[in-house]
Structure formats: C-alpha cells, structure tokens
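Working notes for the structure below.
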Amino acid sequence: MAPAVNLTPKTRGRLTASLPEDRLAELRSLLDTRRKGFSLEAPFYTDPAVFTADMEGIFGNHWVFAASVAEVPEPGDYVTVDYGPYSLIVLRNDDGGINVLHNVCRHRGARVLTEDSGTTGNLVCQYHSWTYNAEGTLIHASAPGEADFAKGCYNLKRAHSREVAGLIFVCLADEPPEDFDEVAKIFEPYLGPHELAKTKVAYQQNIVEEGNWKLVMENNRECYHCDGHPELACSLFPTWGLTDGIIPNHLEDVWQRNLNAQDALEERCRRYGLPYEVVEELDTRIAGIRISRESLDGAGESFSATGRRLSKKLLGDLRDFRLGRCSMHLQPNSWFHFLSDHVITFSAFPINEHQTLVRTTWLVADDAVEGVDYDLDELTHTWKQTNLQDKNFVELCQRGAASPAYESGPYMKSEYQVEAFISWYVARMQEHMA
Ligand code: 3BY
Ligand code: FES
C-alpha cells in the first residue's frame, strides 16, 4: 500500500511557512476562541491564509476520497484530482493496484496530465517530453549533451493510497493517520455487498460552487434546509437528522411513516444479513464517519419521485430493490448514497477560499444498458436538482460571511452533525497548528 520512496515532502509547515507569524498567531487564537455550537468566524470562510492552513492541516494530512474503482477499471486508466495547490494522478497500474502520483513534472514543474480522466501508457510531459512509467519512474529524458543525466533522481513524487470497498482514498502526509483502519473496518461491511468493482460510471457532474469548502460540507450535514429540496423530499424523508421530541407538527405524519418504513427495512436487512445500525463517530480522533442504512419514502427503492427503482439491474448480489439508502458521511470532504440499483459518490475539492468543486458520480451495474435498464435523465434528476439547490444555499452563506455585518450564528439541535463536523475541523487544526 505505502510506496517506499519519493513521498510527498513533509506537508507540515510547508504551505503555512509562507504566512507571517502574526497571521498564524491570529489563526491559532481564532481556533482557540471558537464558540461551541456556533458557526465559525468569517475569516474561516473568506481568508486566503486560513485556506492555506486548511490545505496543509486537513487536506495535506488526512485521507481524502478521490474516486471509485469504477472510474479507473483497467490498467492505464487514470483520473486527475485537484485540490488547493495540489494536483494528483490516480492511476490503475498493471498489477491491478492504484498509484497516486503528483501531477508535477520533475523537470520544470509542468502539469503532466491535463485531462480530468483518460487512459495512458507512459506519462509524457508535453513541455520537453520527459517520460515516466506508471510507477512514476523517469524512463526517458533526452536532451542534447546530457548523456550521463541522473534520471534516477527525478521520478514523479508519490502519495499514499488505499482502496476500501471500491472507494479510493489518498493521503499526502508522510505518515498517514492510522485510525483510518478503524474507519475502514466500520464501513466495509455496509458498502461491500454493493460491489463497486462490478459497476460503471453512468454520469459524472462537476460543479463549481462559489463558497468555501467548509460551507459545502456544513450544508451536507443537515436537513434543516430540506424544504428547499422538493425533488429529494419525494424519497428521502425530510425528517432526517430529527429525533423524538423535536418533530414539528407538520412533519408528524412523515415521521410516523418514516418509523414504519425503517422497521420494515431493518427486518429485510436482518433477513439478508445486511448491517443497518447507525454508527456515528463524528467528533473523535477517528477520521470522522457516519454510516447507516435508512428507509426511503414511497416504494422505498430509489431516489425517484415515486421511490421506485431507477435502474432495473440490482448491484452485486443484492436480492431486493427495497433496501433504502446506505448513506455515509466521511470527514473531511465526502458523502455517499449506496442504493440497491445505483450508487452516488460526492466529493468536495477546495479550489480556493471562496470556490469549491463538487464532483458527483452516478454508478450503475456494469451490465445495465442505458435506455434499456435505466434512463440517464431520470437516474440523475433528483440529485442534479438537489445539487443546484445546495449550490445556491452555499453561495448565499458565502456572500453573508463576506459582509462586515456577519456574526457567528447558533446551530440548532437538528444541526448537531454540522457542529460535529466543525468541532472535528477545529480540533484537527488546533493539533496541526500547535
Ligand atoms: O446527502 C446527504 O447525505 C444529506 C442528508 C440529507 C441532507 N443531505 C442532503
Ligand atoms: Fe516537463 Fe520540461 S517541464 S519535460
């Protein structure tokens, strides 16, 4: 798993070294005085210096969801993944493993691969044709009068990768956090039965949201705003995140329907041996995870207006369409919905302090035929609409955070997962900046 040579140079301090000491002291003080239960102070969303620190402390140190195996099924298949100042190549090698290479030529630093995805043999830099193999080894660098050129010193730098239940994670740190093993042990049994290795990409959407990455994540961690998702509310119960005792009158019926559907779902899960319990380890040293299998409204099968299936082919060895949604939230940057008929993966890749790329990928069984087993517009409709609505919410908050009138506001009970995300972030950053 861990490449022995040419790792990313120590990330700690490398990016923040460019920041003056008084800015770093200011950031430490902002972290230390963060008011629990309240949204962050404005600089966390607007200040380029905080963004630099986030890229080092969070994205430089933690395991980040990069892609699923369906995006790189064959040797030579790759995707490029960019966040903050980093660009990575995630490549399927000839042995069936994954190599993660920094997309930075060792000659004069040009980006080596410029497409979002593709298939390649050797990697050839277009500037002066330095050529690397799939391991990142420099194998060709001809230049006039350079016969003895020390090629061995100029391989592409590598980063760590892990594949769990068909999800590929990357980590830029010298020594990746070990607690990811515990997280992997939690989610593998939930996601494994959907067999991502036997799926294909039906559609991928990249949208740039004009908002800080933490606003994108905060928005995902609550359903207080779910009145704003009419398409999603047909299948995803808008009582998500609520608990007994805080159900508003107008949602009493929905809450009862949700409880009944959940009982029936759990009975089916027991029959098929599928785990469904909520596991929530959001705010600990652990990388931060929430996973559960939860019922869907209507027919209970998929994210459609009626809750009916959106693809006719079941995934893996699943034997029933009525399996609700197995949903997972992972810190720092991803969330997932695994259904019986399709899977949707989401990742937030920060661009700068006020822009984030949100990548959504719909996966269906590899033998499902478009137009026969599924209709692409129907498959993607609910979450395309939901993503647009979420983009709007995030952008409204970013504009607010930029105003001198902005002040931290209180998170409600139903927003406890937003608080968990933020306190996880603050604790990790405090550790990093100490
Ligand atoms: O997609 C999600 O996981 C969350 C749950 C409901 C609100 N939000 C869209
Ligand atoms: Fe890549 Fe010169 S920068 S070959």
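Convention: chains lettered A, B, ... in structure tokens order; per-chain residue numbering from 1; ligands numbered from 1 as shown.
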Original post:
Among stretch 227-393 of chain A, which ones does DSSP place in strand (DSSP E or B), written as a VMD selection string?
Top reply: chain A and resid 279 to 281 289 to 294 311 325 to 330 334 to 338 342 to 352 355 to 365 370 374
Distance limit 10 Å, reference ligand 1, atoms considered: only C-alpha atoms and all ligand atoms. Which residues make the cut? Give them as an mmCIF file with N, CA, C and O atoms, in the first residue's frame.
data_model
loop_
_atom_site.group_PDB
_atom_site.id
_atom_site.type_symbol
_atom_site.label_atom_id
_atom_site.label_comp_id
_atom_site.auth_asym_id
_atom_site.auth_seq_id
_atom_site.Cartn_x
_atom_site.Cartn_y
_atom_site.Cartn_z
ATOM 1 N N MET A 217 -19.573 21.448 3.082
ATOM 2 C CA MET A 217 -19.711 20.301 3.989
ATOM 3 C C MET A 217 -20.801 20.553 5.035
ATOM 4 O O MET A 217 -21.599 19.666 5.343
ATOM 5 N N GLU A 218 -20.835 21.763 5.579
ATOM 6 C CA GLU A 218 -21.857 22.082 6.590
ATOM 7 C C GLU A 218 -23.255 21.870 6.002
ATOM 8 O O GLU A 218 -24.138 21.310 6.646
ATOM 9 N N ASN A 219 -23.429 22.340 4.784
ATOM 10 C CA ASN A 219 -24.735 22.218 4.143
ATOM 11 C C ASN A 219 -25.141 20.764 3.981
ATOM 12 O O ASN A 219 -26.307 20.396 4.152
ATOM 13 N N ASN A 220 -24.150 19.897 3.710
ATOM 14 C CA ASN A 220 -24.459 18.479 3.532
ATOM 15 C C ASN A 220 -24.814 17.786 4.841
ATOM 16 O O ASN A 220 -25.473 16.752 4.842
ATOM 17 N N ARG A 221 -24.369 18.350 5.962
ATOM 18 C CA ARG A 221 -24.509 17.642 7.229
ATOM 19 C C ARG A 221 -25.827 17.938 7.948
ATOM 20 O O ARG A 221 -25.983 17.592 9.119
ATOM 21 N N GLU A 222 -26.768 18.585 7.291
ATOM 22 C CA GLU A 222 -28.067 18.824 7.936
ATOM 23 C C GLU A 222 -29.191 18.799 6.906
ATOM 24 O O GLU A 222 -28.969 18.997 5.715
ATOM 25 N N CYS A 223 -30.405 18.554 7.441
ATOM 26 C CA CYS A 223 -31.579 18.519 6.571
ATOM 27 C C CYS A 223 -32.605 19.561 7.031
ATOM 28 O O CYS A 223 -33.761 19.524 6.635
ATOM 29 N N TYR A 224 -32.141 20.473 7.908
ATOM 30 C CA TYR A 224 -32.981 21.581 8.370
ATOM 31 C C TYR A 224 -33.471 22.383 7.160
ATOM 32 O O TYR A 224 -34.545 22.964 7.165
ATOM 33 N N HIS A 225 -32.641 22.385 6.097
ATOM 34 C CA HIS A 225 -32.965 23.163 4.902
ATOM 35 C C HIS A 225 -33.706 22.316 3.854
ATOM 36 O O HIS A 225 -33.883 22.772 2.723
ATOM 37 N N CYS A 226 -34.113 21.081 4.208
ATOM 38 C CA CYS A 226 -34.583 20.156 3.169
ATOM 39 C C CYS A 226 -35.927 20.540 2.538
ATOM 40 O O CYS A 226 -36.293 19.988 1.495
ATOM 41 N N HIS A 229 -35.551 21.204 -0.965
ATOM 42 C CA HIS A 229 -35.245 20.101 -1.904
ATOM 43 C C HIS A 229 -36.525 19.338 -2.249
ATOM 44 O O HIS A 229 -36.694 18.166 -1.838
ATOM 45 N N LEU A 232 -35.938 15.817 -3.854
ATOM 46 C CA LEU A 232 -35.337 14.849 -2.934
ATOM 47 C C LEU A 232 -36.343 14.387 -1.882
ATOM 48 O O LEU A 232 -36.356 13.210 -1.489
ATOM 49 N N ALA A 233 -37.210 15.329 -1.448
ATOM 50 C CA ALA A 233 -38.155 15.015 -0.365
ATOM 51 C C ALA A 233 -39.214 13.989 -0.790
ATOM 52 O O ALA A 233 -39.935 13.460 0.058
ATOM 53 N N LEU A 236 -36.295 10.891 0.037
ATOM 54 C CA LEU A 236 -35.534 10.991 1.286
ATOM 55 C C LEU A 236 -36.415 11.691 2.315
ATOM 56 O O LEU A 236 -36.811 12.836 2.123
ATOM 57 N N PHE A 237 -36.741 10.983 3.395
ATOM 58 C CA PHE A 237 -37.620 11.576 4.401
ATOM 59 C C PHE A 237 -37.011 12.881 4.921
ATOM 60 O O PHE A 237 -35.866 12.877 5.399
ATOM 61 N N PRO A 238 -37.768 13.982 4.860
ATOM 62 C CA PRO A 238 -37.198 15.257 5.314
ATOM 63 C C PRO A 238 -37.061 15.344 6.830
ATOM 64 O O PRO A 238 -36.636 16.368 7.365
ATOM 65 N N THR A 239 -37.394 14.251 7.529
ATOM 66 C CA THR A 239 -37.206 14.199 8.983
ATOM 67 C C THR A 239 -35.779 13.763 9.326
ATOM 68 O O THR A 239 -35.455 13.593 10.497
ATOM 69 N N TRP A 240 -34.944 13.601 8.298
ATOM 70 C CA TRP A 240 -33.558 13.175 8.515
ATOM 71 C C TRP A 240 -32.862 14.142 9.481
ATOM 72 O O TRP A 240 -32.930 15.353 9.315
ATOM 73 N N GLY A 241 -32.211 13.606 10.500
ATOM 74 C CA GLY A 241 -31.490 14.446 11.466
ATOM 75 C C GLY A 241 -32.352 14.843 12.658
ATOM 76 O O GLY A 241 -31.857 15.401 13.622
ATOM 77 N N ARG A 290 -20.096 8.809 9.639
ATOM 78 C CA ARG A 290 -21.464 8.429 9.999
ATOM 79 C C ARG A 290 -21.949 7.499 8.901
ATOM 80 O O ARG A 290 -21.839 7.822 7.711
ATOM 81 N N ILE A 291 -22.457 6.348 9.295
ATOM 82 C CA ILE A 291 -22.992 5.421 8.290
ATOM 83 C C ILE A 291 -24.229 4.744 8.853
ATOM 84 O O ILE A 291 -24.347 4.509 10.059
ATOM 85 N N ARG A 325 -31.476 3.454 1.522
ATOM 86 C CA ARG A 325 -30.187 4.035 1.130
ATOM 87 C C ARG A 325 -29.193 3.767 2.247
ATOM 88 O O ARG A 325 -29.472 4.034 3.416
ATOM 89 N N CYS A 326 -28.054 3.222 1.872
ATOM 90 C CA CYS A 326 -26.964 3.106 2.828
ATOM 91 C C CYS A 326 -26.142 4.376 2.614
ATOM 92 O O CYS A 326 -25.543 4.556 1.549
ATOM 93 N N SER A 327 -26.190 5.267 3.583
ATOM 94 C CA SER A 327 -25.576 6.587 3.404
ATOM 95 C C SER A 327 -24.394 6.740 4.333
ATOM 96 O O SER A 327 -24.448 6.333 5.486
ATOM 97 N N MET A 328 -23.332 7.338 3.791
ATOM 98 C CA MET A 328 -22.116 7.515 4.598
ATOM 99 C C MET A 328 -21.624 8.943 4.467
ATOM 100 O O MET A 328 -21.560 9.493 3.366
ATOM 101 N N HIS A 329 -21.300 9.535 5.603
ATOM 102 C CA HIS A 329 -20.627 10.834 5.636
ATOM 103 C C HIS A 329 -19.214 10.607 6.152
ATOM 104 O O HIS A 329 -19.039 9.951 7.175
ATOM 105 N N SER A 334 -16.353 14.131 1.954
ATOM 106 C CA SER A 334 -17.154 13.273 1.073
ATOM 107 C C SER A 334 -18.428 12.762 1.722
ATOM 108 O O SER A 334 -18.554 12.736 2.948
ATOM 109 N N TRP A 335 -19.370 12.362 0.864
ATOM 110 C CA TRP A 335 -20.576 11.681 1.305
ATOM 111 C C TRP A 335 -21.049 10.770 0.170
ATOM 112 O O TRP A 335 -20.642 10.941 -0.991
ATOM 113 N N PHE A 336 -21.866 9.789 0.523
ATOM 114 C CA PHE A 336 -22.198 8.698 -0.416
ATOM 115 C C PHE A 336 -23.611 8.201 -0.158
ATOM 116 O O PHE A 336 -24.053 8.169 0.991
ATOM 117 N N HIS A 337 -24.281 7.769 -1.219
ATOM 118 C CA HIS A 337 -25.542 7.039 -1.063
ATOM 119 C C HIS A 337 -25.430 5.747 -1.865
ATOM 120 O O HIS A 337 -25.268 5.786 -3.089
ATOM 121 N N ILE A 344 -24.290 6.763 -5.555
ATOM 122 C CA ILE A 344 -23.840 8.124 -5.891
ATOM 123 C C ILE A 344 -22.718 8.491 -4.924
ATOM 124 O O ILE A 344 -22.863 8.354 -3.706
ATOM 125 N N THR A 345 -21.570 8.918 -5.479
ATOM 126 C CA THR A 345 -20.469 9.394 -4.639
ATOM 127 C C THR A 345 -20.346 10.908 -4.826
ATOM 128 O O THR A 345 -20.578 11.424 -5.924
ATOM 129 N N PHE A 346 -20.005 11.585 -3.754
ATOM 130 C CA PHE A 346 -19.868 13.042 -3.783
ATOM 131 C C PHE A 346 -18.528 13.409 -3.144
ATOM 132 O O PHE A 346 -18.209 12.889 -2.070
ATOM 133 N N TRP A 383 -30.769 14.279 -7.862
ATOM 134 C CA TRP A 383 -29.555 14.855 -7.273
ATOM 135 C C TRP A 383 -28.982 15.996 -8.095
ATOM 136 O O TRP A 383 -28.294 16.858 -7.543
ATOM 137 N N THR A 386 -31.044 18.676 -6.602
ATOM 138 C CA THR A 386 -30.621 18.902 -5.216
ATOM 139 C C THR A 386 -29.267 19.613 -5.169
ATOM 140 O O THR A 386 -29.066 20.540 -4.376
ATOM 141 N N ASN A 387 -28.356 19.209 -6.028
ATOM 142 C CA ASN A 387 -27.035 19.859 -6.063
ATOM 143 C C ASN A 387 -27.158 21.343 -6.406
ATOM 144 O O ASN A 387 -26.457 22.180 -5.836
ATOM 145 N N ASP A 390 -28.474 23.088 -3.392
ATOM 146 C CA ASP A 390 -27.427 23.194 -2.369
ATOM 147 C C ASP A 390 -26.384 24.248 -2.750
ATOM 148 O O ASP A 390 -25.898 24.998 -1.896
#
Original post:
Which is closer to ligand 2 than all the others in A:Tyr78, A:Tyr132, A:Phe51, A:Phe59, using only C-alpha atoms and all ligand atoms?
Top reply: A:Tyr132
Original post:
What lies within 8 Å of A:Leu123 using only C-alpha atoms, ignoring chain neighbours under 5 positions off, as a list in words?
Top reply: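 After dropping sequence-adjacent residues, the list is Val112, Leu113, Thr131, Tyr132, Asn133 and Ala134 of chain A.
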**OP:** Using only C-alpha atoms and all ligand atoms, find each residue with an atom at most 8 Å away from ligand 2 and format the answer as an MDAnalysis selection string.
**Re:** chainID A and resid 104:112 124:131 141
Store the residues of this selection in a file with N, CA, C and O atoms, as an mmCIF file, in the first residue's frame.
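again.cif, written as the output of this step:
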data_model
loop_
_atom_site.group_PDB
_atom_site.id
_atom_site.type_symbol
_atom_site.label_atom_id
_atom_site.label_comp_id
_atom_site.auth_asym_id
_atom_site.auth_seq_id
_atom_site.Cartn_x
_atom_site.Cartn_y
_atom_site.Cartn_z
ATOM 1 N N VAL A 104 3.146 16.766 -11.255
ATOM 2 C CA VAL A 104 4.083 17.892 -11.342
ATOM 3 C C VAL A 104 5.381 17.355 -11.928
ATOM 4 O O VAL A 104 6.077 16.567 -11.275
ATOM 5 N N CYS A 105 5.677 17.744 -13.148
ATOM 6 C CA CYS A 105 6.869 17.224 -13.821
ATOM 7 C C CYS A 105 8.121 17.601 -13.042
ATOM 8 O O CYS A 105 8.238 18.711 -12.529
ATOM 9 N N ARG A 106 9.067 16.629 -12.957
ATOM 10 C CA ARG A 106 10.278 16.871 -12.174
ATOM 11 C C ARG A 106 11.321 17.667 -12.969
ATOM 12 O O ARG A 106 12.388 17.977 -12.443
ATOM 13 N N HIS A 107 11.012 18.032 -14.228
ATOM 14 C CA HIS A 107 11.942 18.883 -14.955
ATOM 15 C C HIS A 107 11.716 20.326 -14.533
ATOM 16 O O HIS A 107 12.394 20.846 -13.674
ATOM 17 N N ARG A 108 10.651 20.975 -15.028
ATOM 18 C CA ARG A 108 10.407 22.354 -14.611
ATOM 19 C C ARG A 108 8.989 22.553 -14.107
ATOM 20 O O ARG A 108 8.462 23.664 -14.091
ATOM 21 N N GLY A 109 8.372 21.440 -13.704
ATOM 22 C CA GLY A 109 7.142 21.575 -12.928
ATOM 23 C C GLY A 109 5.843 21.602 -13.711
ATOM 24 O O GLY A 109 4.783 21.789 -13.110
ATOM 25 N N ALA A 110 5.893 21.394 -15.021
ATOM 26 C CA ALA A 110 4.635 21.443 -15.790
ATOM 27 C C ALA A 110 3.671 20.347 -15.311
ATOM 28 O O ALA A 110 4.102 19.278 -14.872
ATOM 29 N N ARG A 111 2.373 20.614 -15.413
ATOM 30 C CA ARG A 111 1.372 19.558 -15.228
ATOM 31 C C ARG A 111 1.649 18.494 -16.288
ATOM 32 O O ARG A 111 1.817 18.826 -17.465
ATOM 33 N N VAL A 112 1.664 17.241 -15.880
ATOM 34 C CA VAL A 112 1.982 16.169 -16.833
ATOM 35 C C VAL A 112 0.720 15.738 -17.582
ATOM 36 O O VAL A 112 0.687 15.708 -18.806
ATOM 37 N N VAL A 124 3.759 11.237 -20.540
ATOM 38 C CA VAL A 124 4.702 12.090 -21.261
ATOM 39 C C VAL A 124 4.360 13.558 -21.012
ATOM 40 O O VAL A 124 3.252 14.007 -21.311
ATOM 41 N N CYS A 125 5.312 14.288 -20.464
ATOM 42 C CA CYS A 125 5.097 15.719 -20.244
ATOM 43 C C CYS A 125 5.159 16.422 -21.596
ATOM 44 O O CYS A 125 6.077 16.204 -22.381
ATOM 45 N N GLN A 126 4.177 17.269 -21.874
ATOM 46 C CA GLN A 126 4.121 17.854 -23.214
ATOM 47 C C GLN A 126 5.149 18.961 -23.419
ATOM 48 O O GLN A 126 5.389 19.378 -24.548
ATOM 49 N N TYR A 127 5.793 19.430 -22.326
ATOM 50 C CA TYR A 127 6.708 20.566 -22.478
ATOM 51 C C TYR A 127 8.013 20.131 -23.147
ATOM 52 O O TYR A 127 8.342 20.591 -24.240
ATOM 53 N N HIS A 128 8.793 19.201 -22.514
ATOM 54 C CA HIS A 128 10.051 18.752 -23.124
ATOM 55 C C HIS A 128 10.111 17.228 -23.216
ATOM 56 O O HIS A 128 11.185 16.628 -23.271
ATOM 57 N N SER A 129 8.906 16.612 -23.146
ATOM 58 C CA SER A 129 8.767 15.170 -23.375
ATOM 59 C C SER A 129 9.451 14.274 -22.351
ATOM 60 O O SER A 129 9.800 13.127 -22.664
ATOM 61 N N TRP A 130 9.713 14.749 -21.156
ATOM 62 C CA TRP A 130 10.160 13.806 -20.121
ATOM 63 C C TRP A 130 9.064 12.759 -19.971
ATOM 64 O O TRP A 130 7.868 13.102 -19.929
ATOM 65 N N THR A 131 9.501 11.506 -19.860
ATOM 66 C CA THR A 131 8.544 10.397 -19.914
ATOM 67 C C THR A 131 8.686 9.522 -18.672
ATOM 68 O O THR A 131 9.800 9.117 -18.313
ATOM 69 N N ALA A 141 14.480 10.997 -20.850
ATOM 70 C CA ALA A 141 14.637 12.451 -20.752
ATOM 71 C C ALA A 141 15.802 12.851 -21.635
ATOM 72 O O ALA A 141 16.877 13.163 -21.162
#
**OP:** Report the residues of stretch 71-235 of chain A whose backbone DSSP state falls under alpha helix (DSSP H), written as a PyMOL selection string.
**Re:** chain A and resi 180-191+213-220
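Across A:Gly136, A:Gly273, A:Pro193, A:Gly166, the tightest approach to A:Val100 is made by A:Gly136 when counting only C-alpha atoms.
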**OP:** Considering only C-alpha atoms, return as a ChimeraX atom specification whatever protein or nucleic-acid residues lie within 9 Å of A:Gln262, sequence-local ones (same chain, fewer than 3 positions apart) excluded.
**Re:** /A:257-259,265-267,293-296,324
Original post:
In Å to one decimal, how far is atom CA of A:Gly76 from atom CA of A:Asn61?
Top reply: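 Pair atom CA of A:Asn61 / atom CA of A:Gly76 returns 27.1 Å.
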Original post:
Leaving out A:Cys397 and any residue of its chain fewer than 3 positions from it, which residues lie within 10 Å of it when counting only C-alpha atoms, given as a count of residues only?
Top reply: 14
Original post:
For A:Lys198, which residue among A:Ile58, A:Ala305, A:Ala165, A:Leu242 is the nearest when counting only C-alpha atoms?
Top reply: A:Ala165
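When only C-alpha atoms are used to compute distances to A:Glu188, the closest of the residues A:Val72, A:Val369, A:Glu163, A:Glu146 turns out to be A:Glu163.
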Original post:
Using only C-alpha atoms, which of the listed residues (A:Leu40, A:Ala348, A:Leu330, A:Leu318) sits closest to A:Ser423?
Top reply: A:Leu40
Subject >> stretch 79-86 of chain A environment, 7 Å, only C-alpha atoms, sequence neighbours closer than 4 positions dropped, as a PyMOL selection string >> reply: chain A and resi 55+66+90-91+116-118+349-352
**OP:** Please identify all polymer residues within 8 Å of A:Glu407, counting only C-alpha atoms, omitting same-chain residues fewer than 2 positions from it, and present them as a list in words.
**Re:**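 These residues fall inside the cut-off: Glu41, Ala42, Ala401, Ala405 and Gly409 of chain A.
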Original post:
By how many Å are atom CA of A:Val208 and atom CA of A:Thr120 apart?
Top reply: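 Interatomic distance, atom CA of A:Val208 to atom CA of A:Thr120: 27.0 Å.
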Distance table requested - stretch 158-228 of chain A against stretch 354-364 of chain A, cut-off 7 Å, only C-alpha atoms: one row per qualifying residue with the closest atom pair and its distance in Å to one decimal, ordered by chain and rising residue number, as JSON lines.
{"residue": "A:Thr199", "atom": "CA", "partner": "A:Val364", "partner_atom": "CA", "distance": 5.3}
{"residue": "A:Lys200", "atom": "CA", "partner": "A:Leu363", "partner_atom": "CA", "distance": 5.4}
{"residue": "A:Val201", "atom": "CA", "partner": "A:Leu363", "partner_atom": "CA", "distance": 4.6}
{"residue": "A:Ala202", "atom": "CA", "partner": "A:Leu363", "partner_atom": "CA", "distance": 5.4}
{"residue": "A:Tyr203", "atom": "CA", "partner": "A:Trp362", "partner_atom": "CA", "distance": 5.3}
{"residue": "A:Gln204", "atom": "CA", "partner": "A:Thr361", "partner_atom": "CA", "distance": 4.4}
{"residue": "A:Gln205", "atom": "CA", "partner": "A:Thr360", "partner_atom": "CA", "distance": 5.2}
{"residue": "A:Asn206", "atom": "CA", "partner": "A:Arg359", "partner_atom": "CA", "distance": 4.6}
{"residue": "A:Ile207", "atom": "CA", "partner": "A:Val358", "partner_atom": "CA", "distance": 5.3}
{"residue": "A:Val208", "atom": "CA", "partner": "A:Leu357", "partner_atom": "CA", "distance": 4.4}
{"residue": "A:Glu209", "atom": "CA", "partner": "A:Thr356", "partner_atom": "CA", "distance": 5.3}
{"residue": "A:Glu210", "atom": "CA", "partner": "A:Gln355", "partner_atom": "CA", "distance": 4.5}
{"residue": "A:Gly211", "atom": "CA", "partner": "A:His354", "partner_atom": "CA", "distance": 4.5}
{"residue": "A:Asn212", "atom": "CA", "partner": "A:His354", "partner_atom": "CA", "distance": 4.5}
{"residue": "A:Trp213", "atom": "CA", "partner": "A:Thr356", "partner_atom": "CA", "distance": 5.5}
Residues just named, written with N, CA, C and O atoms as an mmCIF file, in the first residue's frame:
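Heads up, here's the output in selection.cif:
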data_model
loop_
_atom_site.group_PDB
_atom_site.id
_atom_site.type_symbol
_atom_site.label_atom_id
_atom_site.label_comp_id
_atom_site.auth_asym_id
_atom_site.auth_seq_id
_atom_site.Cartn_x
_atom_site.Cartn_y
_atom_site.Cartn_z
ATOM 1 N N THR A 199 -19.459 -2.197 -11.078
ATOM 2 C CA THR A 199 -20.300 -1.077 -11.534
ATOM 3 C C THR A 199 -19.554 -0.291 -12.606
ATOM 4 O O THR A 199 -18.358 -0.492 -12.824
ATOM 5 N N LYS A 200 -20.305 0.599 -13.261
ATOM 6 C CA LYS A 200 -19.679 1.505 -14.234
ATOM 7 C C LYS A 200 -20.226 2.913 -14.000
ATOM 8 O O LYS A 200 -21.303 3.075 -13.392
ATOM 9 N N VAL A 201 -19.479 3.899 -14.477
ATOM 10 C CA VAL A 201 -19.925 5.286 -14.328
ATOM 11 C C VAL A 201 -21.036 5.546 -15.347
ATOM 12 O O VAL A 201 -20.830 5.388 -16.552
ATOM 13 N N ALA A 202 -22.212 5.932 -14.841
ATOM 14 C CA ALA A 202 -23.295 6.313 -15.759
ATOM 15 C C ALA A 202 -23.180 7.793 -16.095
ATOM 16 O O ALA A 202 -23.447 8.217 -17.222
ATOM 17 N N TYR A 203 -22.740 8.574 -15.108
ATOM 18 C CA TYR A 203 -22.648 10.023 -15.326
ATOM 19 C C TYR A 203 -21.787 10.640 -14.241
ATOM 20 O O TYR A 203 -21.820 10.185 -13.093
ATOM 21 N N GLN A 204 -21.028 11.662 -14.624
ATOM 22 C CA GLN A 204 -20.286 12.430 -13.618
ATOM 23 C C GLN A 204 -20.543 13.914 -13.832
ATOM 24 O O GLN A 204 -20.524 14.392 -14.964
ATOM 25 N N GLN A 205 -20.807 14.604 -12.736
ATOM 26 C CA GLN A 205 -21.088 16.044 -12.811
ATOM 27 C C GLN A 205 -20.045 16.782 -11.977
ATOM 28 O O GLN A 205 -19.794 16.422 -10.821
ATOM 29 N N ASN A 206 -19.438 17.815 -12.557
ATOM 30 C CA ASN A 206 -18.534 18.694 -11.802
ATOM 31 C C ASN A 206 -19.164 20.063 -11.736
ATOM 32 O O ASN A 206 -19.410 20.672 -12.782
ATOM 33 N N ILE A 207 -19.451 20.547 -10.523
ATOM 34 C CA ILE A 207 -19.956 21.924 -10.444
ATOM 35 C C ILE A 207 -19.057 22.732 -9.512
ATOM 36 O O ILE A 207 -18.583 22.230 -8.498
ATOM 37 N N VAL A 208 -18.828 23.976 -9.897
ATOM 38 C CA VAL A 208 -18.042 24.864 -9.040
ATOM 39 C C VAL A 208 -19.021 25.699 -8.226
ATOM 40 O O VAL A 208 -19.865 26.400 -8.774
ATOM 41 N N GLU A 209 -18.933 25.542 -6.912
ATOM 42 C CA GLU A 209 -19.785 26.337 -6.032
ATOM 43 C C GLU A 209 -18.967 27.526 -5.544
ATOM 44 O O GLU A 209 -17.799 27.372 -5.165
ATOM 45 N N GLU A 210 -19.584 28.698 -5.562
ATOM 46 C CA GLU A 210 -18.892 29.909 -5.106
ATOM 47 C C GLU A 210 -18.990 29.969 -3.599
ATOM 48 O O GLU A 210 -19.706 30.802 -3.017
ATOM 49 N N GLY A 211 -18.295 29.056 -2.946
ATOM 50 C CA GLY A 211 -18.349 29.003 -1.491
ATOM 51 C C GLY A 211 -17.165 28.223 -0.949
ATOM 52 O O GLY A 211 -16.611 27.348 -1.628
ATOM 53 N N ASN A 212 -16.779 28.536 0.276
ATOM 54 C CA ASN A 212 -15.693 27.839 0.956
ATOM 55 C C ASN A 212 -16.062 26.362 1.151
ATOM 56 O O ASN A 212 -17.221 26.033 1.413
ATOM 57 N N TRP A 213 -15.078 25.489 1.118
ATOM 58 C CA TRP A 213 -15.345 24.043 1.207
ATOM 59 C C TRP A 213 -16.083 23.673 2.487
ATOM 60 O O TRP A 213 -16.885 22.749 2.503
#
